[in-house]
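Visitor: Got a structure for you, query_26.cif, holding mmCIF, C-alpha atoms.
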```cif
data_model
#
loop_
_atom_site.label_atom_id
_atom_site.label_comp_id
_atom_site.auth_asym_id
_atom_site.auth_seq_id
_atom_site.Cartn_x
_atom_site.Cartn_y
_atom_site.Cartn_z
CA MET A 14 64.48 42.87 -34.80
CA ASP A 15 64.16 39.28 -33.61
CA ARG A 16 65.98 40.32 -30.46
CA LEU A 17 63.28 42.92 -29.78
CA ILE A 18 60.50 40.39 -30.22
CA LYS A 19 62.07 38.01 -27.72
CA ILE A 20 62.08 40.66 -25.01
CA GLN A 21 59.02 40.43 -22.81
CA LYS A 22 57.71 43.97 -22.34
CA GLU A 23 55.85 43.05 -19.16
CA ASP A 24 59.17 42.19 -17.52
CA PRO A 25 60.38 45.37 -15.74
CA ASP A 26 63.99 44.23 -16.12
CA ALA A 27 63.62 44.02 -19.91
CA GLU A 28 63.38 47.77 -20.57
CA LYS A 29 67.14 48.28 -20.62
CA GLU A 30 67.64 45.32 -22.95
CA TYR A 31 64.89 46.60 -25.24
CA MET A 32 66.51 50.03 -25.47
CA GLU A 33 69.90 48.49 -26.20
CA ALA A 34 68.41 46.41 -29.01
CA SER A 35 66.63 49.47 -30.38
CA GLU A 36 69.91 51.39 -30.36
CA ASP A 37 71.64 48.60 -32.28
CA ILE A 38 68.96 48.86 -34.98
CA ALA A 39 69.12 52.68 -35.04
CA ARG A 40 72.88 52.63 -35.65
CA GLN A 41 72.31 50.85 -38.97
CA TYR A 42 70.70 54.01 -40.34
CA ALA A 43 72.16 57.32 -41.41
CA PRO A 44 72.43 59.83 -38.53
CA PRO A 45 69.44 61.96 -39.65
CA LEU A 46 67.14 58.92 -39.39
CA ARG A 47 68.38 57.41 -36.15
CA GLU A 48 66.18 59.41 -33.80
CA MET A 49 63.10 58.55 -35.88
CA VAL A 50 64.04 54.85 -35.71
CA ARG A 51 64.45 55.02 -31.93
CA LYS A 52 61.12 56.82 -31.58
CA ALA A 53 59.30 54.32 -33.83
CA LEU A 54 60.54 51.38 -31.76
CA VAL A 55 59.58 53.07 -28.50
CA LEU A 56 56.09 53.74 -29.87
CA LEU A 57 55.87 50.07 -30.89
CA ALA A 58 56.74 49.01 -27.32
CA GLU A 59 54.13 51.43 -25.99
CA GLU A 60 51.55 49.97 -28.39
CA GLN A 61 51.02 53.34 -30.07
CA TYR A 62 50.76 51.59 -33.40
CA GLU A 63 49.28 54.36 -35.52
CA LYS A 64 51.99 56.84 -34.62
CA ALA A 65 54.68 54.18 -35.00
CA ALA A 66 53.36 53.25 -38.47
CA GLY A 67 53.50 56.89 -39.56
CA LEU A 68 57.13 57.18 -38.52
CA CYS A 69 58.01 53.88 -40.21
CA CYS A 70 56.57 55.13 -43.50
CA ARG A 71 58.67 58.29 -43.27
CA ILE A 72 61.81 56.26 -42.54
CA LEU A 73 61.14 53.85 -45.42
CA ASP A 74 60.73 56.77 -47.81
CA GLU A 75 64.38 57.54 -47.08
CA ASP A 76 65.81 54.04 -46.59
CA ASP A 77 63.95 50.80 -47.36
CA THR A 78 66.98 48.54 -47.57
CA LYS A 79 66.80 47.13 -44.04
CA PRO A 80 64.14 44.70 -42.73
CA GLU A 81 63.64 45.89 -39.15
CA ILE A 82 61.52 48.97 -39.85
CA ARG A 83 59.57 47.11 -42.55
CA GLU A 84 58.76 44.48 -39.96
CA THR A 85 57.81 47.13 -37.41
CA LEU A 86 55.44 48.64 -39.96
CA GLY A 87 53.90 45.23 -40.66
CA ILE A 88 53.40 44.57 -36.95
CA CYS A 89 51.72 47.97 -36.57
CA TYR A 90 49.35 47.26 -39.45
CA PHE A 91 48.56 43.82 -38.00
CA SER A 92 47.88 45.27 -34.54
CA LEU A 93 45.63 47.96 -36.06
CA GLY A 94 43.63 45.31 -37.93
CA ASN A 95 44.83 46.49 -41.34
CA MET A 96 45.49 42.95 -42.52
CA ALA A 97 45.73 43.70 -46.24
CA SER A 98 48.58 46.16 -45.66
CA ALA A 99 50.26 43.82 -43.17
CA ALA A 100 50.07 41.00 -45.73
CA MET A 101 51.77 43.17 -48.36
CA VAL A 102 54.61 44.01 -45.99
CA PHE A 103 55.23 40.44 -44.84
CA SER A 104 54.84 38.88 -48.28
CA ASP A 105 57.75 41.09 -49.37
CA LEU A 106 59.74 40.15 -46.28
CA VAL A 107 59.33 36.38 -46.74
CA ARG A 108 60.35 36.82 -50.36
CA ASP A 109 63.46 38.79 -49.44
CA TYR A 110 64.32 36.79 -46.29
CA PRO A 111 62.95 33.25 -46.84
CA ASP A 112 64.94 31.79 -43.93
CA GLU A 113 63.44 34.11 -41.29
CA GLU A 114 60.90 32.07 -39.29
CA GLU A 115 59.34 35.13 -37.72
CA TYR A 116 58.36 36.63 -41.05
CA HIS A 117 56.66 33.41 -42.13
CA ARG A 118 54.88 33.20 -38.75
CA ILE A 119 53.41 36.70 -38.85
CA TYR A 120 52.61 36.44 -42.55
CA GLY A 121 50.80 33.15 -41.92
CA MET A 122 48.90 34.63 -38.99
CA THR A 123 47.95 37.61 -41.16
CA LEU A 124 46.61 35.32 -43.90
CA HIS A 125 44.68 33.39 -41.23
CA ALA A 126 43.12 36.62 -39.97
CA MET A 127 42.15 37.49 -43.56
CA GLY A 128 40.42 34.11 -44.03
CA ASP A 129 43.02 32.81 -46.49
CA PHE A 130 43.40 29.52 -44.64
CA ARG A 131 45.12 27.68 -47.47
CA GLY A 132 47.77 30.41 -47.67
CA ALA A 133 48.13 30.39 -43.90
CA VAL A 134 48.70 26.63 -43.89
CA ARG A 135 51.33 27.03 -46.59
CA GLU A 136 53.30 29.64 -44.64
CA LEU A 137 52.93 28.16 -41.18
CA ARG A 138 53.75 24.64 -42.33
CA LEU A 139 57.10 25.89 -43.67
CA ILE A 140 58.32 26.63 -40.15
CA TYR A 141 56.85 23.67 -38.26
CA PRO A 142 58.13 22.84 -35.74
CA MET A 143 59.36 26.29 -34.74
CA LYS A 144 62.82 26.50 -33.29
CA GLU A 145 61.49 28.64 -30.44
CA TYR A 146 57.94 28.91 -29.08
CA ARG A 147 55.87 31.87 -30.28
CA PRO A 148 52.39 32.74 -28.94
CA PHE A 149 49.42 32.20 -31.27
CA TYR A 150 51.43 30.20 -33.82
CA TYR A 151 49.81 26.87 -32.98
CA ALA A 152 46.36 28.45 -32.57
CA SER A 153 46.49 30.08 -36.01
CA TYR A 154 48.03 27.03 -37.68
CA GLY A 155 45.59 24.60 -36.07
CA ASP A 156 42.55 26.70 -36.95
CA SER A 157 43.71 27.09 -40.55
CA LEU A 158 44.14 23.34 -40.88
CA GLU A 159 40.70 22.75 -39.39
CA LYS A 160 39.11 25.24 -41.77
CA GLU A 161 40.76 23.39 -44.65
CA GLY A 162 39.27 20.09 -43.43
CA MET A 163 42.56 18.58 -42.24
CA PHE A 164 41.13 17.55 -38.88
CA ARG A 165 43.68 15.01 -37.67
CA GLU A 166 46.63 17.27 -38.40
CA SER A 167 44.77 20.20 -36.90
CA ARG A 168 44.15 18.29 -33.68
CA GLU A 169 47.84 17.47 -33.33
CA ILE A 170 48.84 21.11 -33.82
CA PHE A 171 46.36 22.33 -31.20
CA TYR A 172 47.69 19.70 -28.83
CA GLU A 173 51.20 21.17 -29.19
CA GLU A 174 49.91 24.32 -27.45
CA ILE A 175 48.26 22.28 -24.70
CA LYS A 176 51.39 20.17 -24.26
CA ARG A 177 53.42 23.32 -23.68
CA TYR A 178 50.88 24.46 -21.08
CA GLU A 179 51.13 21.07 -19.38
CA GLU A 180 54.93 21.21 -19.32
CA THR A 181 55.34 24.81 -18.15
CA GLY A 182 52.05 25.75 -16.46
CA GLU A 183 52.44 29.11 -18.19
CA ILE A 184 49.40 30.95 -19.55
CA LEU A 185 50.41 33.79 -21.87
CA SER A 186 46.83 34.40 -23.00
CA GLU A 187 43.83 32.91 -21.22
CA ASP A 188 41.53 33.65 -24.15
CA MET A 189 43.88 32.02 -26.65
CA LEU A 190 44.44 28.91 -24.55
CA ASP A 191 40.73 28.52 -23.83
CA GLY A 192 40.06 28.73 -27.56
CA VAL A 193 42.66 26.04 -28.22
CA PHE A 194 40.97 23.76 -25.67
CA GLN A 195 37.63 24.33 -27.38
CA HIS A 196 39.05 23.27 -30.75
CA LEU A 197 40.91 20.31 -29.23
CA LEU A 198 37.87 18.89 -27.45
CA TYR A 199 35.67 19.44 -30.49
CA LEU A 200 38.12 17.58 -32.74
CA ASP A 201 38.52 14.77 -30.20
CA VAL A 202 34.78 14.09 -30.46
CA LEU A 203 34.62 14.65 -34.20
CA LEU A 204 37.46 12.21 -34.82
CA GLY A 205 36.36 9.74 -32.15
CA ASN A 206 40.02 9.31 -31.24
CA GLY A 207 39.54 8.29 -27.61
CA LYS A 208 41.42 11.38 -26.35
CA TYR A 209 38.42 13.46 -25.25
CA GLU A 210 38.24 12.53 -21.57
CA GLU A 211 42.01 12.77 -21.16
CA ASP A 212 42.08 16.26 -22.70
CA LEU A 213 39.01 17.30 -20.72
CA LYS A 214 40.89 16.64 -17.47
CA ILE A 215 43.60 19.07 -18.58
CA TYR A 216 40.90 21.62 -19.43
CA TYR A 217 39.42 21.24 -15.96
CA ARG A 218 42.84 21.99 -14.45
CA PHE A 219 43.09 25.07 -16.64
CA LEU A 220 39.67 26.29 -15.48
CA GLU A 221 40.73 25.83 -11.86
CA GLN A 222 43.81 27.95 -12.49
CA VAL A 223 42.22 30.98 -14.16
CA ILE A 224 40.00 33.67 -12.66
CA MET A 225 36.46 33.47 -13.96
CA THR A 226 36.10 36.99 -15.29
CA GLU A 227 33.11 37.86 -17.46
CA SER A 228 35.31 37.31 -20.50
CA MET A 229 36.33 33.84 -19.33
CA GLN A 230 32.71 32.98 -18.57
CA GLU A 231 31.82 33.97 -22.13
CA ASN A 232 34.63 31.75 -23.40
CA LEU A 233 33.39 28.81 -21.36
CA ALA A 234 29.82 29.38 -22.54
CA SER A 235 31.13 29.39 -26.12
CA THR A 236 32.79 26.02 -25.51
CA ILE A 237 29.51 24.63 -24.17
CA VAL A 238 27.68 25.82 -27.29
CA CYS A 239 30.40 24.40 -29.54
CA LEU A 240 30.37 20.96 -27.90
CA SER A 241 26.56 20.86 -27.81
CA THR A 242 26.59 20.71 -31.63
CA LEU A 243 28.24 17.29 -31.40
CA MET A 244 25.29 15.57 -29.73
CA ASN A 245 24.24 14.11 -33.06
CA ASN A 246 26.90 11.57 -32.03
CA LYS A 247 24.84 9.40 -29.73
CA TRP A 248 27.84 8.07 -27.82
CA TYR A 249 28.86 11.61 -26.86
CA ARG A 250 25.59 12.62 -25.19
CA PRO A 251 26.32 11.16 -21.73
CA LEU A 252 29.80 12.72 -21.85
CA PHE A 253 28.31 16.10 -22.72
CA LEU A 254 25.88 15.82 -19.81
CA LYS A 255 28.79 14.96 -17.52
CA PHE A 256 30.67 18.03 -18.80
CA ILE A 257 27.89 20.57 -18.25
CA THR A 258 27.08 19.03 -14.87
CA HIS A 259 30.71 19.56 -13.82
CA ILE A 260 30.55 23.19 -14.96
CA SER A 261 27.29 23.68 -13.09
CA ASN A 262 28.63 22.11 -9.88
CA LYS A 263 31.71 24.34 -9.99
CA ASN A 264 29.46 27.41 -10.32
CA TYR A 265 31.78 28.93 -12.91
CA LEU A 266 28.98 30.68 -14.79
CA VAL A 267 27.27 33.41 -12.79
CA THR A 268 26.34 36.12 -15.31
CA GLU A 269 22.77 36.09 -16.59
CA ARG A 270 23.82 35.41 -20.17
CA THR A 271 26.14 32.50 -19.36
CA ARG A 272 23.70 30.95 -16.88
CA GLU A 273 21.08 31.07 -19.64
CA CYS A 274 23.55 29.34 -21.94
CA LEU A 275 24.11 26.55 -19.41
CA GLU A 276 20.37 26.08 -18.92
CA SER A 277 19.94 25.96 -22.68
CA ALA A 278 22.60 23.25 -22.86
CA TYR A 279 20.65 21.09 -20.41
CA ILE A 280 17.50 21.60 -22.47
CA ALA A 281 19.38 20.68 -25.66
CA TRP A 282 20.58 17.46 -24.01
CA GLU A 283 17.06 16.65 -22.80
CA SER A 284 15.62 17.30 -26.26
CA TYR A 285 17.75 14.48 -27.66
CA ALA A 286 16.72 12.24 -24.81
CA PHE A 287 12.99 12.75 -25.06
CA HIS A 288 13.13 12.58 -28.85
CA ASP A 289 14.12 8.94 -28.42
CA ASP A 290 11.73 8.40 -25.49
CA ALA A 291 8.64 6.42 -26.50
CA ARG A 292 6.76 7.84 -23.52
CA VAL A 293 6.92 11.37 -24.97
CA SER A 294 4.64 12.03 -27.93
CA ARG A 295 5.77 13.85 -31.02
CA LEU A 296 3.15 16.51 -30.37
CA MET A 297 4.35 17.19 -26.84
CA GLU A 298 7.97 17.21 -27.99
CA THR A 299 7.35 19.66 -30.83
CA GLY A 300 5.21 21.92 -28.69
CA ILE A 301 7.88 22.16 -26.00
CA ASN A 302 10.53 22.85 -28.63
CA HIS A 303 8.46 25.72 -30.04
CA ILE A 304 8.03 27.28 -26.60
CA TYR A 305 11.79 26.97 -26.12
CA ASP A 306 12.32 28.79 -29.43
CA MET A 307 10.04 31.58 -28.26
CA LYS A 308 11.99 31.98 -25.04
CA TYR A 309 15.57 31.59 -26.24
CA THR A 310 15.82 32.15 -30.00
CA MET A 311 13.28 34.91 -30.64
CA LYS A 312 15.98 37.52 -29.96
CA ASP A 313 18.09 36.03 -32.75
CA ALA A 314 15.39 36.57 -35.38
CA LYS A 315 16.68 38.86 -38.11
CA SER A 316 13.47 40.79 -38.75
CA LYS A 317 10.15 41.69 -37.19
CA LYS A 318 8.42 39.50 -39.77
CA GLU A 319 10.51 36.53 -38.67
CA GLN A 320 9.70 37.25 -35.02
CA GLU A 321 5.98 37.33 -35.81
CA GLN A 322 6.26 34.03 -37.67
CA ILE A 323 7.96 32.39 -34.68
CA ARG A 324 5.36 33.82 -32.33
CA GLU A 325 2.46 32.57 -34.47
CA GLU A 326 3.97 29.09 -34.70
CA VAL A 327 4.38 29.02 -30.92
CA LEU A 328 0.77 30.14 -30.33
CA THR A 329 -0.42 27.45 -32.75
CA TRP A 330 1.48 24.67 -31.01
CA GLU A 331 0.37 25.92 -27.61
CA TRP A 332 -3.21 25.65 -28.88
CA TYR A 333 -2.53 22.04 -29.93
CA LEU A 334 -1.12 21.32 -26.47
CA CYS A 335 -4.29 22.70 -24.88
CA GLN A 336 -6.24 20.03 -26.79
CA TYR A 337 -3.75 17.32 -25.93
CA ILE A 338 -2.90 17.85 -22.25
CA PRO A 339 -6.33 17.15 -20.67
CA GLU A 340 -6.17 13.57 -21.94
CA HIS A 341 -2.47 13.05 -21.20
CA TYR A 342 -1.79 14.30 -17.67
CA GLY A 343 0.36 11.24 -17.01
CA GLU A 344 2.69 12.15 -19.84
CA LEU A 345 2.95 15.70 -18.56
CA GLU A 346 3.86 14.45 -15.08
CA TYR A 347 6.47 12.14 -16.63
CA ILE A 348 8.09 15.08 -18.45
CA ARG A 349 8.01 17.14 -15.27
CA SER A 350 9.96 14.50 -13.34
CA THR A 351 12.22 13.12 -16.09
CA TYR A 352 13.09 16.29 -18.06
CA PRO A 353 13.05 19.05 -15.43
CA HIS A 354 14.97 21.65 -17.47
CA SER A 355 12.66 21.36 -20.46
CA TYR A 356 9.62 21.47 -18.18
CA GLU A 357 10.94 24.50 -16.30
CA CYS A 358 11.43 26.35 -19.60
CA CYS A 359 7.71 25.88 -20.33
CA ARG A 360 6.40 25.83 -16.78
CA ASP A 361 4.18 28.92 -16.95
CA PHE A 362 2.31 27.77 -20.02
CA LEU A 363 2.10 24.09 -19.08
CA GLU A 364 0.71 24.83 -15.61
CA LYS A 365 -1.81 27.26 -17.08
CA ALA A 366 -2.91 24.72 -19.68
CA GLU A 367 -3.12 22.05 -17.00
CA ARG A 368 -5.35 24.24 -14.81
CA ASP A 369 -7.67 25.54 -17.51
CA SER A 370 -6.99 24.24 -20.99
CA LYS A 371 -10.30 25.41 -22.46
CA ASN A 372 -9.98 29.10 -21.61
CA THR A 373 -6.26 29.07 -22.37
CA ALA A 374 -7.04 27.71 -25.84
CA GLU A 375 -9.60 30.47 -26.41
CA GLU A 376 -7.05 33.14 -25.43
CA LEU A 377 -4.56 31.64 -27.85
CA LEU A 378 -7.12 31.51 -30.63
CA GLN A 379 -7.88 35.20 -30.18
CA LYS A 380 -4.19 36.09 -30.27
CA ILE A 381 -3.77 34.14 -33.52
CA ALA A 382 -6.79 35.93 -34.99
CA ASP A 383 -5.32 39.29 -33.97
CA MET A 384 -2.06 38.44 -35.71
CA ARG A 385 -4.04 37.57 -38.86
CA ASN A 386 -5.78 40.92 -38.96
CA ARG A 387 -8.96 39.79 -37.24
CA ARG A 388 -9.61 36.85 -39.50
CA SER A 389 -12.66 34.92 -38.28
CA THR A 390 -11.81 32.96 -35.16
CA GLU A 391 -14.20 30.23 -36.27
CA ASP A 392 -12.34 29.74 -39.54
CA ILE A 393 -9.05 29.55 -37.66
CA ARG A 394 -10.56 27.18 -35.09
CA LYS A 395 -11.78 24.84 -37.84
CA PHE A 396 -8.42 24.82 -39.53
CA LEU A 397 -6.55 24.20 -36.27
CA GLU A 398 -8.91 21.37 -35.33
CA ASP A 399 -8.37 19.72 -38.72
CA ALA A 400 -4.61 20.16 -38.46
CA TYR A 401 -4.62 18.82 -34.89
CA ARG A 402 -6.52 15.67 -35.94
CA GLU A 403 -4.08 15.19 -38.80
CA ILE A 404 -1.08 15.45 -36.47
CA CYS A 405 -2.59 13.02 -34.01
CA SER A 406 -3.40 10.50 -36.75
CA VAL A 407 0.11 10.30 -38.14
CA LYS A 408 2.17 7.53 -36.61
CA ARG A 409 5.79 7.87 -35.74
CA ALA A 410 7.98 6.66 -38.59
CA GLU A 411 11.34 5.05 -37.98
CA ILE A 412 14.26 7.08 -39.24
CA HIS A 413 17.85 5.86 -39.27
CA VAL A 414 20.23 8.45 -37.90
CA THR A 415 23.99 8.28 -37.62
CA ASP A 416 25.51 8.26 -34.17
CA GLY A 417 29.12 8.50 -35.28
CA GLU A 418 29.65 4.80 -34.80
CA GLY A 419 26.68 3.26 -36.54
CA THR A 420 22.99 4.03 -36.88
CA TYR A 421 20.04 4.04 -34.55
CA ARG A 422 16.32 4.38 -35.09
CA ARG A 423 14.51 7.58 -34.38
CA THR A 424 10.76 8.16 -34.52
CA GLU A 425 9.26 11.25 -36.02
CA VAL A 426 5.95 12.23 -37.60
CA LYS A 427 6.10 12.82 -41.34
CA VAL A 428 3.69 15.46 -42.62
CA GLY A 429 2.55 14.92 -46.24
CA ARG A 430 3.32 17.67 -48.73
CA ASN A 431 -0.38 18.17 -49.49
CA ASP A 432 -1.45 18.07 -45.85
CA PRO A 433 -2.40 21.25 -43.96
CA CYS A 434 0.74 22.84 -42.55
CA PRO A 435 0.94 22.11 -38.79
CA CYS A 436 1.95 25.73 -38.13
CA GLY A 437 -1.68 26.74 -38.71
CA SER A 438 -1.02 29.15 -41.57
CA GLY A 439 -3.93 27.77 -43.60
CA LYS A 440 -1.60 26.78 -46.45
CA LYS A 441 -0.57 23.33 -47.62
CA TYR A 442 2.65 22.09 -46.05
CA LYS A 443 4.48 22.13 -49.40
CA LYS A 444 3.67 25.84 -49.84
CA CYS A 445 4.52 26.82 -46.26
CA CYS A 446 7.05 25.26 -43.87
CA GLY A 447 7.74 22.43 -46.35
CA ARG A 448 9.22 24.80 -48.92
CA ASN A 449 12.62 24.62 -47.24
#
```
What's the structure tokens form of this structure?

Guide:
Amino acid sequence: MDRLIKIQKEDPDAEKEYMEASEDIARQYAPPLREMVRKALVLLAEEQYEKAAGLCCRILDEDDTKPEIRETLGICYFSLGNMASAAMVFSDLVRDYPDEEEYHRIYGMTLHAMGDFRGAVRELRLIYPMKEYRPFYYASYGDSLEKEGMFRESREIFYEEIKRYEETGEILSEDMLDGVFQHLLYLDVLLGNGKYEEDLKIYYRFLEQVIMTESMQENLASTIVCLSTLMNNKWYRPLFLKFITHISNKNYLVTERTRECLESAYIAWESYAFHDDARVSRLMETGINHIYDMKYTMKDAKSKKEQEQIREEVLTWEWYLCQYIPEHYGELEYIRSTYPHSYECCRDFLEKAERDSKNTAEELLQKIADMRNRRSTEDIRKFLEDAYREICSVKRAEIHVTDGEGTYRRTEVKVGRNDPCPCGSGKKYKKCCGRN
């Protein structure tokens, strides 16, 4: 069977070799079964896995003493997504043929697909390094190690796949290789191993080589999202900005969804920057973040109730901004010039509030009242005014935050547990947003 696996089906010259190998396997069976064996192996090559699996079961009912059809059945189950059945087949095969690398590889990949990462590490480690390269081995092994928290070892395994790409220039699966790059770059930053920029250059060469289909754009957007989560490491922020700027300049992302992802990445970077910027108030920062949530994360809310909660919080913070902006036009202009992506996200509201803050605030107040089943606007106004004064009176407190190499000071308003909740719900903070 190993001979069959080595034959590349996409090679037109391999068909004859595949049929010869199939015939060798068929000859091991009694004459009445040989045609079924041939047919099962042809169906496997044609990726008709369900039909092939049915034939394999019939063959095994008559003769289960040989490994090739058992393996074919396991491959069919794996390809159909029936991982539990595939695991049963390959666990028996590795027990009966412990020296067969291929059985350990597919069994390990099956366990990885089932989420049994410890079992996958056990099986895949047994055959490392493989005598001959097999697709997806390093990807499955590396991911299993990462899931088990073995980050340094995981990074080295992922790099084995990249090293092969560097040496051969061959791309057997664009999706798989892109995923490996994502893990590699993530681990480089997480470990702070000094390899990130070197590996990023290889990734750039890979991106130049592939065609930017919608699928590849989604993969690249996923990598951007993944790496954006590492900006809690202060040293990485300028490198992340450099990365997304490169992607933007290359114009790789052209679909609406992926362009939105790129824009969101810029806003995420700016949010870290203006959080540490003494010229941006906590109130302005929080208000802009809430408007961003309304624009980009509302669609991810799990229920209508959650959507309404987000909307009410946004309306409340927009009302606060209407009180704040008339006395802080200089700060608004500073944000407009220094943090253009964040400003653009909120442009419509900020320009409206800048033109006519009083009437805009009244519109917002009415919307909040409508959401609260026509509760008195005056009661809501009084509560919001009290909450606004409370927010303005609280000074920024220094908070020490890790940057991956040490600590740095961050400023942030602390709301007391018995203070009115800034979201404007009318409840104390400890009984509202402070519960979590």

Visitor: For Pro80 of chain A, please output as a list in words all residues within 12 Å (counting all atoms listed in the file; exclusion window: fewer than 6 positions along the same chain).

Guide: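 Everything that qualifies: Met14, Asp15, Ile38, Gln41, Tyr42, Cys69, Ile72, Leu73, Leu86, Gly87, Val102, Phe103, Asp105, Leu106, Val107, Arg108, Asp109, Tyr110, Glu113, Glu115 and Tyr116 of chain A.
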
Visitor: For Met49 of chain A, find every residue with an atom within 10 Å (counting only C-alpha atoms), except residues of its own chain fewer than 5 positions away, and show them as a PyMOL selection string.

Guide: chain A and resi 39+42+44+54-55+65+68-69+71-72

Visitor: When you count only C-alpha atoms, which of these residues is closest to Asp361 of chain A: A:Asn262, A:Asp188, A:Arg394, A:Ile304?

Guide: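 Looking only at the distances to Asp361 of chain A, the closest residue turns out to be A:Ile304.
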
Visitor: Report the residues retrieved by the PyMOL selection byres ((chain A and resi 283-291) around 8) from the displayed file, expressed as a CSV table (one decimal) with C-alpha atoms, in the coordinates of the input.

Guide:
```csv
chain,number,residue,atom,x,y,z
A,244,MET,CA,25.3,15.6,-29.7
A,279,TYR,CA,20.6,21.1,-20.4
A,280,ILE,CA,17.5,21.6,-22.5
A,281,ALA,CA,19.4,20.7,-25.7
A,282,TRP,CA,20.6,17.5,-24.0
A,292,ARG,CA,6.8,7.8,-23.5
A,293,VAL,CA,6.9,11.4,-25.0
A,294,SER,CA,4.6,12.0,-27.9
A,295,ARG,CA,5.8,13.8,-31.0
A,298,GLU,CA,8.0,17.2,-28.0
A,302,ASN,CA,10.5,22.8,-28.6
A,352,TYR,CA,13.1,16.3,-18.1
A,354,HIS,CA,15.0,21.6,-17.5
A,355,SER,CA,12.7,21.4,-20.5
A,423,ARG,CA,14.5,7.6,-34.4
A,424,THR,CA,10.8,8.2,-34.5
```

Visitor: Please indicate the distance in Å from atom CA of Tyr146 of chain A to atom CA of Gly94 of chain A, rounded to one decimal place.

Guide: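 Here the two named atoms are 23.5 Å from each other.
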
Visitor: Written as a list in words, which residues does the PyMOL selection byres ((chain A and resi 197) around 9) give for the file shown?

Guide: Ser167, Arg168, Glu169, Phe171, Tyr172, Ile175, Gly192, Val193, Phe194, Gln195, His196, Leu198, Tyr199, Leu200, Asp201, Val202, Tyr209 and Asp212 of chain A

Visitor: Might you spell out which residues the PyMOL selection byres ((chain A and resi 261) around 12) would select in the displayed file, as a PyMOL selection string?

Guide: chain A and resi 233-234+237+254-260+262-267+271-276+278-279

Visitor: Would you compute the distance between atom CA of Leu345 of chain A and atom CA of Asn246 of chain A? Give it in Å to one decimal.

Guide: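 Straight-line distance from atom CA of Leu345 of chain A to atom CA of Asn246 of chain A works out to 27.8 Å.
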
Visitor: Find the residues near segment 369-378 of chain A: any atom within 8 Å, counting all atoms listed in the file, skip ones fewer than 5 places away on the same chain, and give them as a PyMOL selection string.

Guide: chain A and resi 328-329+331-332+335-336+338-339+390+393-394

Visitor: Using only C-alpha atoms, list the residues that have an atom at most 10 Å from (6.7, 23.2, -27.5), coordinates as in the file, as a ChimeraX atom specification.

Guide: /A:296-307,326-331,333-334,355-356,358-359,362-363

Visitor: Once you have the residues from the selection above, write them out as a PDB file, in the frame of the given file, restricted to C-alpha atoms.

Guide:
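File produced: result.pdb:
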```pdb
ATOM      1  CA  LEU A 296       3.150  16.510 -30.370  1.00  0.00           C
ATOM      2  CA  MET A 297       4.350  17.190 -26.840  1.00  0.00           C
ATOM      3  CA  GLU A 298       7.970  17.210 -27.990  1.00  0.00           C
ATOM      4  CA  THR A 299       7.350  19.660 -30.830  1.00  0.00           C
ATOM      5  CA  GLY A 300       5.210  21.920 -28.690  1.00  0.00           C
ATOM      6  CA  ILE A 301       7.880  22.160 -26.000  1.00  0.00           C
ATOM      7  CA  ASN A 302      10.530  22.850 -28.630  1.00  0.00           C
ATOM      8  CA  HIS A 303       8.460  25.720 -30.040  1.00  0.00           C
ATOM      9  CA  ILE A 304       8.030  27.280 -26.600  1.00  0.00           C
ATOM     10  CA  TYR A 305      11.790  26.970 -26.120  1.00  0.00           C
ATOM     11  CA  ASP A 306      12.320  28.790 -29.430  1.00  0.00           C
ATOM     12  CA  MET A 307      10.040  31.580 -28.260  1.00  0.00           C
ATOM     13  CA  GLU A 326       3.970  29.090 -34.700  1.00  0.00           C
ATOM     14  CA  VAL A 327       4.380  29.020 -30.920  1.00  0.00           C
ATOM     15  CA  LEU A 328       0.770  30.140 -30.330  1.00  0.00           C
ATOM     16  CA  THR A 329      -0.420  27.450 -32.750  1.00  0.00           C
ATOM     17  CA  TRP A 330       1.480  24.670 -31.010  1.00  0.00           C
ATOM     18  CA  GLU A 331       0.370  25.920 -27.610  1.00  0.00           C
ATOM     19  CA  TYR A 333      -2.530  22.040 -29.930  1.00  0.00           C
ATOM     20  CA  LEU A 334      -1.120  21.320 -26.470  1.00  0.00           C
ATOM     21  CA  SER A 355      12.660  21.360 -20.460  1.00  0.00           C
ATOM     22  CA  TYR A 356       9.620  21.470 -18.180  1.00  0.00           C
ATOM     23  CA  CYS A 358      11.430  26.350 -19.600  1.00  0.00           C
ATOM     24  CA  CYS A 359       7.710  25.880 -20.330  1.00  0.00           C
ATOM     25  CA  PHE A 362       2.310  27.770 -20.020  1.00  0.00           C
ATOM     26  CA  LEU A 363       2.100  24.090 -19.080  1.00  0.00           C
TER      27      LEU A 363
END
```

Visitor: With distances taken over all atoms listed in the file, which of A:Met384, A:Lys308, A:Leu139, A:Val134 is nearest to Arg360 of chain A?

Guide: A:Lys308

Visitor: Please measure the separation of atom CA of Gly182 of chain A and atom CA of Gly207 of chain A, giving the value in Å to one decimal.

Guide: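 If I compute the distance from atom CA of Gly182 of chain A to atom CA of Gly207 of chain A, I get 24.2 Å.
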
Visitor: From the set A:Cys239, A:Ile381, A:Arg138, A:Glu173, which residue has the shortest atom-to-atom contact distance to Leu158 of chain A, counting all atoms listed in the file?

Guide: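 Looking at the shortest contact to Leu158 of chain A, the residue is A:Arg138.
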